[in-house]
Amino acid sequence: MAFPLKDIQIKHTARLFWIAASAWFVLDQAVKIVERLTMQPGQSIALIPQVFHLTYIRNNGAAFSSFSGQTWLFFTAALVAIAAIFMFWRFEKPTTLLPALGSSLLISGAMGNVVDRIIYGHVTDIFDARFLNFAIFNVADIGITVGAIMLVVWLIFFGGILSEENSPELEKSSSKKAKKNSKDAA
């Protein structure tokens with residue numbers, strides 16, 4: 001079964017990477033600036049009562065405030081992730097949508113939260129999905145999560161573990177189909 005995003009070839013993946021990363025980073029910082037200018041820490045605005053709120057939180061830790069006060073840990077993890085993305089681009093040179101967009105979202109999200117930690121000593125969170133009873137998060141967190149999912153899907157199904165190129169069984173069935181097609185054509 002073909003996955004439509006797998007085959008979307010992009011002529012200028014580096015350009016897409018930088019445009020998407022820059023746009024997501026600017027969106028993250030803009031939302032945080034508006035939040036800091038218009039809300040007080042702890043303030044919550046119900047968009048859909050008991051379902052979805054905008055809640056201004058200063059997060060010193062990770063999700064659910066775990067590792068509170070460990071700024072150096074998050075800064076180091078973000079730098080490692082950023083370095084890994086640049087190494088990925090250096091050696092892999094992706095030409096399809098999933099790895100290009102996934103890596104740009106991941107790196108821009110990491111950078112957005114790093115900037116918060118450097119300037120403010122904490123990450124500014126706002127989105128409060130109460131219907132999920134989930135941690136309050138921000139635009140950068142969405143980029144990190146969606147980008148990581150896109151990269152994992154690409155690595156497992158199209159670039160690595162389960163891809164046709166790396167699976168002997170899939171390769172055999174593909175070559176059988178190719179032989180059958182050439183016999184049918186003859």
# chains A, B, ... in the order shown; residues from 1 in each chain; ligands from 1
>>> closest_atom_pairs(of="segment 38-89 of chain A", to="segment 102-116 of chain A", cutoff="7 Å", atoms="only C-alpha atoms", output="JSON lines")
{"residue": "A:Phe75", "atom": "CA", "partner": "A:Val114", "partner_atom": "CA", "distance": 6.1}
{"residue": "A:Ala78", "atom": "CA", "partner": "A:Ala110", "partner_atom": "CA", "distance": 5.5}
{"residue": "A:Ile82", "atom": "CA", "partner": "A:Ile107", "partner_atom": "CA", "distance": 5.8}
{"residue": "A:Ile85", "atom": "CA", "partner": "A:Ser103", "partner_atom": "CA", "distance": 6.4}
>>> residues_around(residues="Glu35 of chain A", least_positions_apart="6", cutoff="9 Å", atoms="only C-alpha atoms", output="PDB file with N, CA and C atoms, in the first residue's frame")
ATOM      1  N   LEU A  54      -7.018  28.604  27.525  1.00  0.00           N
ATOM      2  CA  LEU A  54      -5.701  29.212  27.395  1.00  0.00           C
ATOM      3  C   LEU A  54      -5.273  29.539  28.821  1.00  0.00           C
ATOM      4  N   THR A  55      -4.199  28.914  29.281  1.00  0.00           N
ATOM      5  CA  THR A  55      -3.730  29.071  30.655  1.00  0.00           C
ATOM      6  C   THR A  55      -2.254  29.428  30.635  1.00  0.00           C
ATOM      7  N   TYR A  56      -1.917  30.573  31.235  1.00  0.00           N
ATOM      8  CA  TYR A  56      -0.540  31.062  31.261  1.00  0.00           C
ATOM      9  C   TYR A  56       0.209  30.373  32.401  1.00  0.00           C
ATOM     10  N   THR A 124       7.304  29.224  28.590  1.00  0.00           N
ATOM     11  CA  THR A 124       5.952  29.761  28.692  1.00  0.00           C
ATOM     12  C   THR A 124       4.996  28.799  27.986  1.00  0.00           C
ATOM     13  N   ASP A 125       4.050  28.252  28.736  1.00  0.00           N
ATOM     14  CA  ASP A 125       3.052  27.333  28.175  1.00  0.00           C
ATOM     15  C   ASP A 125       1.676  27.996  28.203  1.00  0.00           C
ATOM     16  N   ILE A 126       0.781  27.561  27.300  1.00  0.00           N
ATOM     17  CA  ILE A 126      -0.533  28.216  27.193  1.00  0.00           C
ATOM     18  C   ILE A 126      -1.700  27.265  26.897  1.00  0.00           C
TER      19      ILE A 126
END
>>> select_by_dssp(residues="segment 86-136 of chain A", states="alpha helix (DSSP H)", output="NGL selection string")
:A and (86-92 or 97-120)
>>> closest_residue(among="A:Ile33, A:Leu27, A:Val51, A:Leu155", to="Gly143 of chain A", atoms="only C-alpha atoms")
A:Leu27
>>> closest_atom_pairs(of="segment 12-76 of chain A", to="segment 132-138 of chain A", cutoff="12 Å", atoms="only C-alpha atoms", output="CSV")
residue,atom,partner,partner_atom,distance
A:Trp24,CA,A:Asn138,CA,11.5
A:Phe25,CA,A:Asn138,CA,11.3
A:Leu27,CA,A:Asn138,CA,10.4
A:Asp28,CA,A:Asn138,CA,7.3
A:Gln29,CA,A:Asn138,CA,9.7
A:Ala30,CA,A:Asn138,CA,11.2
A:Val31,CA,A:Asn138,CA,8.4
A:Lys32,CA,A:Asn138,CA,8.1
A:Ile33,CA,A:Asn138,CA,11.9
A:Glu35,CA,A:Asn138,CA,10.7
A:Gly42,CA,A:Ile136,CA,11.3
A:Ser44,CA,A:Ile136,CA,11.1
A:Gln50,CA,A:Asn133,CA,9.9
A:Val51,CA,A:Leu132,CA,8.1
A:Phe52,CA,A:Leu132,CA,9.2
A:His53,CA,A:Ile136,CA,9.4
A:Leu54,CA,A:Ile136,CA,8.8
A:Thr55,CA,A:Ile136,CA,7.5
A:Tyr56,CA,A:Ile136,CA,8.7
A:Ile57,CA,A:Ile136,CA,7.6
A:Arg58,CA,A:Ile136,CA,10.0
A:Asn59,CA,A:Ile136,CA,9.0
A:Gly61,CA,A:Ala135,CA,11.5
A:Ala62,CA,A:Ala135,CA,9.6
A:Ala63,CA,A:Ala135,CA,6.2
A:Phe64,CA,A:Ala135,CA,5.5
A:Ser65,CA,A:Ala135,CA,8.5
A:Ser66,CA,A:Ala135,CA,10.8
>>> write_last_selection(atoms="C-alpha atoms", output="mmCIF file, in the first residue's frame")
data_model
loop_
_atom_site.group_PDB
_atom_site.id
_atom_site.type_symbol
_atom_site.label_atom_id
_atom_site.label_comp_id
_atom_site.auth_asym_id
_atom_site.auth_seq_id
_atom_site.Cartn_x
_atom_site.Cartn_y
_atom_site.Cartn_z
ATOM 1 C CA TRP A 24 7.100 27.716 13.275
ATOM 2 C CA PHE A 25 9.690 29.437 15.492
ATOM 3 C CA LEU A 27 4.642 31.547 15.457
ATOM 4 C CA ASP A 28 5.796 30.051 18.775
ATOM 5 C CA GLN A 29 7.498 33.244 19.910
ATOM 6 C CA ALA A 30 4.585 35.453 18.759
ATOM 7 C CA VAL A 31 2.040 33.386 20.717
ATOM 8 C CA LYS A 32 4.259 33.532 23.817
ATOM 9 C CA ILE A 33 4.762 37.323 23.498
ATOM 10 C CA GLU A 35 0.410 35.623 26.151
ATOM 11 C CA GLY A 42 -1.868 31.392 36.376
ATOM 12 C CA SER A 44 -6.960 30.876 32.494
ATOM 13 C CA GLN A 50 -13.826 22.446 30.912
ATOM 14 C CA VAL A 51 -12.638 21.324 27.474
ATOM 15 C CA PHE A 52 -10.029 23.760 26.148
ATOM 16 C CA HIS A 53 -8.541 26.781 27.942
ATOM 17 C CA LEU A 54 -5.701 29.212 27.395
ATOM 18 C CA THR A 55 -3.730 29.071 30.655
ATOM 19 C CA TYR A 56 -0.540 31.062 31.261
ATOM 20 C CA ILE A 57 1.996 28.828 32.990
ATOM 21 C CA ARG A 58 5.698 29.376 33.600
ATOM 22 C CA ASN A 59 7.129 25.870 33.353
ATOM 23 C CA GLY A 61 10.502 21.612 34.201
ATOM 24 C CA ALA A 62 9.440 19.220 31.502
ATOM 25 C CA ALA A 63 5.973 17.792 30.910
ATOM 26 C CA PHE A 64 3.922 17.683 34.111
ATOM 27 C CA SER A 65 6.670 19.873 35.700
ATOM 28 C CA SER A 66 8.981 16.902 36.095
#
>>> closest_residue(among="A:Leu101, A:Thr38, A:Phe157, A:Gly121", to="Ser22 of chain A", atoms="only C-alpha atoms")
A:Leu101
>>> residues_around(residues="Thr71 of chain A", least_positions_apart="2", cutoff="8 Å", atoms="only C-alpha atoms", output="list in words")
Asn60, Gly61, Ser68, Gly69, Leu73, Phe74, Phe75, Arg117, Gly121 and His122 of chain A
